[in-house]
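> Following this line is query-v7.pdb, made up of PDB, C-alpha atoms:
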```pdb
ATOM      1  CA  MET D  24     100.312 155.856 136.633
ATOM      2  CA  LEU D  25     101.330 152.625 138.345
ATOM      3  CA  ALA D  26     104.858 152.932 136.952
ATOM      4  CA  ARG D  27     105.054 156.468 138.286
ATOM      5  CA  LYS D  28     103.996 155.257 141.766
ATOM      6  CA  ARG D  29     106.636 152.507 141.748
ATOM      7  CA  TRP D  30     109.278 154.974 140.641
ATOM      8  CA  GLY D  31     108.185 157.465 143.304
ATOM      9  CA  PHE D  32     108.203 154.821 146.052
ATOM     10  CA  GLY D  33     111.653 153.616 145.048
ATOM     11  CA  LEU D  34     112.989 157.169 144.934
ATOM     12  CA  PHE D  35     111.428 157.913 148.333
ATOM     13  CA  THR D  36     113.037 154.808 149.804
ATOM     14  CA  LEU D  37     116.430 155.739 148.386
ATOM     15  CA  LEU D  38     116.143 159.308 149.728
ATOM     16  CA  ALA D  39     115.088 158.041 153.145
ATOM     17  CA  VAL D  40     118.194 155.870 153.361
ATOM     18  CA  LEU D  41     120.463 158.715 152.255
ATOM     19  CA  VAL D  42     118.895 161.270 154.625
ATOM     20  CA  SER D  43     118.964 158.956 157.593
ATOM     21  CA  THR D  44     122.681 158.198 157.076
ATOM     22  CA  ALA D  45     123.603 161.804 156.366
ATOM     23  CA  CYS D  46     121.712 163.201 159.361
ATOM     24  CA  GLY D  47     122.708 160.464 161.777
ATOM     25  CA  HIS D  48     124.777 160.936 164.931
ATOM     26  CA  GLY D  49     128.291 160.135 163.893
ATOM     27  CA  ASP D  50     128.750 156.911 162.018
ATOM     28  CA  GLU D  51     125.980 155.073 163.849
ATOM     29  CA  VAL D  52     122.338 155.240 162.801
ATOM     30  CA  GLU D  53     119.862 154.290 165.519
ATOM     31  CA  ASN D  54     117.088 152.994 163.250
ATOM     32  CA  PRO D  55     118.612 152.251 159.902
ATOM     33  CA  LEU D  56     116.248 151.640 157.011
ATOM     34  CA  TYR D  57     117.266 148.859 154.714
ATOM     35  CA  ALA D  58     115.602 148.279 151.350
ATOM     36  CA  ASN D  59     116.337 146.253 148.322
ATOM     37  CA  GLY D  60     114.483 145.914 145.096
ATOM     38  CA  ARG D  61     114.351 147.043 141.575
ATOM     39  CA  ILE D  62     112.932 150.292 140.302
ATOM     40  CA  GLU D  63     111.828 150.191 136.732
ATOM     41  CA  GLY D  64     108.817 151.022 134.657
ATOM     42  CA  ASP D  65     107.537 152.723 131.600
ATOM     43  CA  GLU D  66     104.644 155.100 131.629
ATOM     44  CA  VAL D  67     102.056 154.213 129.020
ATOM     45  CA  LYS D  68      98.992 156.301 128.261
ATOM     46  CA  LEU D  69      95.714 154.635 127.421
ATOM     47  CA  ALA D  70      92.862 156.279 125.563
ATOM     48  CA  ALA D  71      89.505 155.256 124.147
ATOM     49  CA  GLU D  72      87.869 156.666 121.049
ATOM     50  CA  ILE D  73      84.800 157.556 123.117
ATOM     51  CA  SER D  74      84.184 158.168 126.788
ATOM     52  CA  GLY D  75      82.098 155.999 129.083
ATOM     53  CA  ARG D  76      82.007 153.824 132.171
ATOM     54  CA  VAL D  77      84.367 150.844 132.346
ATOM     55  CA  SER D  78      82.272 147.681 132.412
ATOM     56  CA  ARG D  79      85.091 145.142 132.384
ATOM     57  CA  LEU D  80      88.772 145.350 133.237
ATOM     58  CA  ASN D  81      90.742 142.570 131.546
ATOM     59  CA  VAL D  82      94.062 142.980 133.381
ATOM     60  CA  ALA D  83      95.132 143.221 137.007
ATOM     61  CA  GLU D  84      97.314 145.977 138.428
ATOM     62  CA  GLY D  85     100.964 145.239 137.735
ATOM     63  CA  GLU D  86     100.155 142.594 135.118
ATOM     64  CA  ARG D  87     102.236 142.664 131.958
ATOM     65  CA  VAL D  88     100.353 143.615 128.818
ATOM     66  CA  ARG D  89     101.321 143.435 125.183
ATOM     67  CA  SER D  90     100.667 145.794 122.318
ATOM     68  CA  GLY D  91      97.134 145.488 120.955
ATOM     69  CA  GLN D  92      95.819 143.665 124.033
ATOM     70  CA  VAL D  93      92.313 144.654 125.134
ATOM     71  CA  VAL D  94      92.840 146.209 128.553
ATOM     72  CA  ALA D  95      89.292 147.353 129.373
ATOM     73  CA  GLU D  96      85.824 147.573 127.844
ATOM     74  CA  LEU D  97      83.281 150.309 128.284
ATOM     75  CA  ASP D  98      79.593 149.868 129.061
ATOM     76  CA  ASN D  99      77.735 149.997 125.754
ATOM     77  CA  THR D 100      74.238 150.726 127.119
ATOM     78  CA  GLU D 101      74.350 154.341 125.953
ATOM     79  CA  LEU D 102      75.706 153.330 122.556
ATOM     80  CA  GLU D 103      72.906 150.783 122.142
ATOM     81  CA  ALA D 104      70.339 153.479 122.991
ATOM     82  CA  ARG D 105      71.896 155.854 120.453
ATOM     83  CA  LEU D 106      71.855 153.096 117.838
ATOM     84  CA  ARG D 107      68.161 152.367 118.484
ATOM     85  CA  GLN D 108      67.415 156.088 118.283
ATOM     86  CA  SER D 109      69.269 156.488 114.992
ATOM     87  CA  ARG D 110      67.512 153.427 113.540
ATOM     88  CA  SER D 111      64.137 154.859 114.500
ATOM     89  CA  GLY D 112      65.228 158.127 112.858
ATOM     90  CA  VAL D 113      65.958 156.191 109.664
ATOM     91  CA  ALA D 114      62.543 154.512 109.817
ATOM     92  CA  ALA D 115      60.815 157.856 110.336
ATOM     93  CA  ALA D 116      62.748 159.413 107.445
ATOM     94  CA  GLN D 117      61.823 156.461 105.198
ATOM     95  CA  ALA D 118      58.151 156.909 106.117
ATOM     96  CA  THR D 119      58.397 160.620 105.304
ATOM     97  CA  VAL D 120      59.879 159.822 101.879
ATOM     98  CA  VAL D 121      57.094 157.325 101.133
ATOM     99  CA  GLN D 122      54.463 159.809 102.246
ATOM    100  CA  ALA D 123      55.968 162.606 100.118
ATOM    101  CA  GLU D 124      56.241 160.323  97.068
ATOM    102  CA  THR D 125      52.611 159.276  97.511
ATOM    103  CA  ARG D 126      51.573 162.926  97.639
ATOM    104  CA  VAL D 127      53.494 163.535  94.378
ATOM    105  CA  ARG D 128      51.707 160.659  92.638
ATOM    106  CA  VAL D 129      48.312 161.954  93.797
ATOM    107  CA  LEU D 130      49.126 165.469  92.625
ATOM    108  CA  GLU D 131      50.404 164.173  89.274
ATOM    109  CA  HIS D 132      46.994 162.537  88.826
ATOM    110  CA  HIS D 133      45.275 165.827  89.778
ATOM    111  CA  VAL D 134      47.445 167.754  87.281
ATOM    112  CA  ALA D 135      46.487 165.299  84.529
ATOM    113  CA  THR D 136      42.812 165.620  85.458
ATOM    114  CA  ALA D 137      43.032 169.433  85.581
ATOM    115  CA  GLY D 138      44.750 169.439  82.176
ATOM    116  CA  THR D 139      41.978 167.296  80.714
ATOM    117  CA  ASP D 140      39.350 169.606  82.287
ATOM    118  CA  LEU D 141      41.065 172.664  80.762
ATOM    119  CA  GLU D 142      41.160 171.066  77.310
ATOM    120  CA  ARG D 143      37.459 170.179  77.615
ATOM    121  CA  MET D 144      36.554 173.743  78.690
ATOM    122  CA  GLN D 145      38.542 175.193  75.790
ATOM    123  CA  ALA D 146      36.716 172.845  73.373
ATOM    124  CA  LEU D 147      33.396 173.818  74.916
ATOM    125  CA  GLN D 148      34.309 177.507  74.656
ATOM    126  CA  ASP D 149      35.191 177.031  70.970
ATOM    127  CA  ALA D 150      31.758 175.428  70.486
ATOM    128  CA  GLY D 151      30.141 178.307  72.384
ATOM    129  CA  ALA D 152      28.992 176.091  75.261
ATOM    130  CA  ALA D 153      31.410 177.440  77.928
ATOM    131  CA  SER D 154      32.299 180.953  79.006
ATOM    132  CA  ALA D 155      35.751 182.538  79.185
ATOM    133  CA  ARG D 156      35.343 182.595  82.957
ATOM    134  CA  GLN D 157      34.971 178.794  83.057
ATOM    135  CA  VAL D 158      38.149 178.420  80.967
ATOM    136  CA  ASP D 159      39.988 180.833  83.296
ATOM    137  CA  GLU D 160      38.847 178.834  86.330
ATOM    138  CA  ALA D 161      40.104 175.609  84.696
ATOM    139  CA  GLU D 162      43.455 177.267  83.925
ATOM    140  CA  GLY D 163      43.671 178.536  87.532
ATOM    141  CA  ALA D 164      42.908 175.069  88.904
ATOM    142  CA  LEU D 165      45.628 173.561  86.703
ATOM    143  CA  GLU D 166      48.180 176.187  87.768
ATOM    144  CA  GLU D 167      47.299 175.695  91.441
ATOM    145  CA  VAL D 168      47.688 171.911  91.290
ATOM    146  CA  ALA D 169      50.898 172.250  89.260
ATOM    147  CA  GLY D 170      52.309 174.561  91.955
ATOM    148  CA  GLU D 171      51.370 172.066  94.676
ATOM    149  CA  LEU D 172      53.089 169.348  92.645
ATOM    150  CA  GLU D 173      56.334 171.334  92.492
ATOM    151  CA  VAL D 174      56.215 171.908  96.264
ATOM    152  CA  ALA D 175      55.560 168.190  96.801
ATOM    153  CA  ARG D 176      58.518 167.248  94.583
ATOM    154  CA  SER D 177      60.816 169.564  96.556
ATOM    155  CA  ARG D 178      59.553 167.929  99.769
ATOM    156  CA  VAL D 179      60.490 164.536  98.344
ATOM    157  CA  ALA D 180      64.005 165.824  97.677
ATOM    158  CA  GLU D 181      64.224 167.220 101.221
ATOM    159  CA  ALA D 182      62.912 163.970 102.706
ATOM    160  CA  GLU D 183      65.443 161.946 100.694
ATOM    161  CA  ALA D 184      68.273 164.217 101.892
ATOM    162  CA  ARG D 185      67.111 163.781 105.488
ATOM    163  CA  LEU D 186      66.955 160.019 104.954
ATOM    164  CA  ARG D 187      70.552 159.956 103.649
ATOM    165  CA  SER D 188      71.641 161.979 106.681
ATOM    166  CA  GLU D 189      69.843 159.629 109.081
ATOM    167  CA  GLU D 190      71.330 156.596 107.335
ATOM    168  CA  HIS D 191      74.807 158.115 107.632
ATOM    169  CA  THR D 192      74.265 158.815 111.336
ATOM    170  CA  SER D 193      72.957 155.292 111.853
ATOM    171  CA  GLU D 194      75.988 153.856 110.052
ATOM    172  CA  LEU D 195      78.320 155.816 112.334
ATOM    173  CA  GLN D 196      76.418 154.593 115.403
ATOM    174  CA  SER D 197      76.729 151.022 114.133
ATOM    175  CA  GLN D 198      80.478 151.431 113.676
ATOM    176  CA  PHE D 199      80.798 152.786 117.216
ATOM    177  CA  ARG D 200      78.804 149.797 118.453
ATOM    178  CA  ILE D 201      80.967 147.306 116.571
ATOM    179  CA  SER D 202      84.190 148.723 117.960
ATOM    180  CA  TYR D 203      82.613 150.118 121.114
ATOM    181  CA  ALA D 204      85.061 151.617 123.450
ATOM    182  CA  VAL D 205      87.762 148.968 123.649
ATOM    183  CA  PHE D 206      90.977 150.177 125.253
ATOM    184  CA  CYS D 207      94.079 148.825 123.603
ATOM    185  CA  LEU D 208      97.660 149.344 124.605
ATOM    186  CA  LYS D 209      99.500 150.933 121.706
TER
END
```
Translate the structure of the given file into structure tokens.

Amino acid sequence: MLARKRWGFGLFTLLAVLVSTACGHGDEVENPLYANGRIEGDEVKLAAEISGRVSRLNVAEGERVRSGQVVAELDNTELEARLRQSRSGVAAAQATVVQAETRVRVLEHHVATAGTDLERMQALQDAGAASARQVDEAEGALEEVAGELEVARSRVAEAEARLRSEEHTSELQSQFRISYAVFCLK
């Protein structure tokens, strides 16, 4: 942008000199405009990987810069907040996994207990000490707990998938933080 302004100013100056001499009265110009200087410049585009507010400018206007030089840095307050948020998401997902795994262990114990109860009822029925209804109730209890166990195991899988997703998001936020918004001249 600065190079464009210099070029435009130089071009304007040159045009002003030409117009004033061409539109003058005869060979004399009442208020001649004299200018000397050098017009040169390259237009270079800068871009950051993410948007944000510039917190520090490392070069002055018109200062020469070299390829790879850090020209400006962006405020990383928002990135830090996103990183904290993603880390808390990871912690919450880890807690959900632990909770789901605990529920699975409890239900596995209940399934084992219900299986033992069913075997006992079947033995008692064979001995004539338990009714068919009691055996059916024991079978129903085992099936119910086994169904809850399957649901709990699927919740563990879902919680682990969510945890992996949160960890991936947190990793990306960390990478953004490490290389947060540094403008470099390419």
> Quote the spacing between CA of Arg176 (chain D) and CA of Asp159 (chain D) in Å to one decimal place.
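Going from CA of Arg176 (chain D) over to CA of Asp159 (chain D) covers 25.6 Å.
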> Kindly give the distance, in Å, that separates CA of Ala95 (chain D) and CA of Leu195 (chain D), rounded to a single decimal.
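Those two atoms sit 22.0 Å apart.
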> Tell me which residues the PyMOL selection byres ((chain D and resi 96-100) around 6) grabs here, as a ChimeraX atom specification.
/D:75-79,95,101-103,204-205
> So the first atom is CA of Ala169 (chain D) and the second is CA of Asp149 (chain D); what is the distance between them in Å, to one decimal place?
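Separating CA of Ala169 (chain D) from CA of Asp149 (chain D) is a distance of 24.6 Å.
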> Return the single residue from D:Ala123, D:Leu165, D:Ala115, D:Met144 that is closest to Glu189 (chain D), with distances computed using only C-alpha atoms.
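The closest residue to Glu189 (chain D) is D:Ala115.
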> Considering only C-alpha atoms, state which residue in the set D:Ala116, D:Leu80, D:Val94, D:Ala104 is at the smallest distance from Glu181 (chain D).
D:Ala116
> Region 189-199 of chain D, all listed atoms, 5 Å padding on each side: what axis-aligned box centre and edge lengths in Å to one decimal come out, as lines of an AutoDock Vina configuration file?

```
center_x = 75.3
center_y = 155.3
center_z = 112.3
size_x = 21.0
size_y = 18.6
size_z = 19.9
```
> As a check of understanding, name the residues that the PyMOL selection byres ((chain D and resi 140) around 12) selects in the supplied structure, as a ChimeraX atom specification.
/D:133-139,141-147,153,157-165
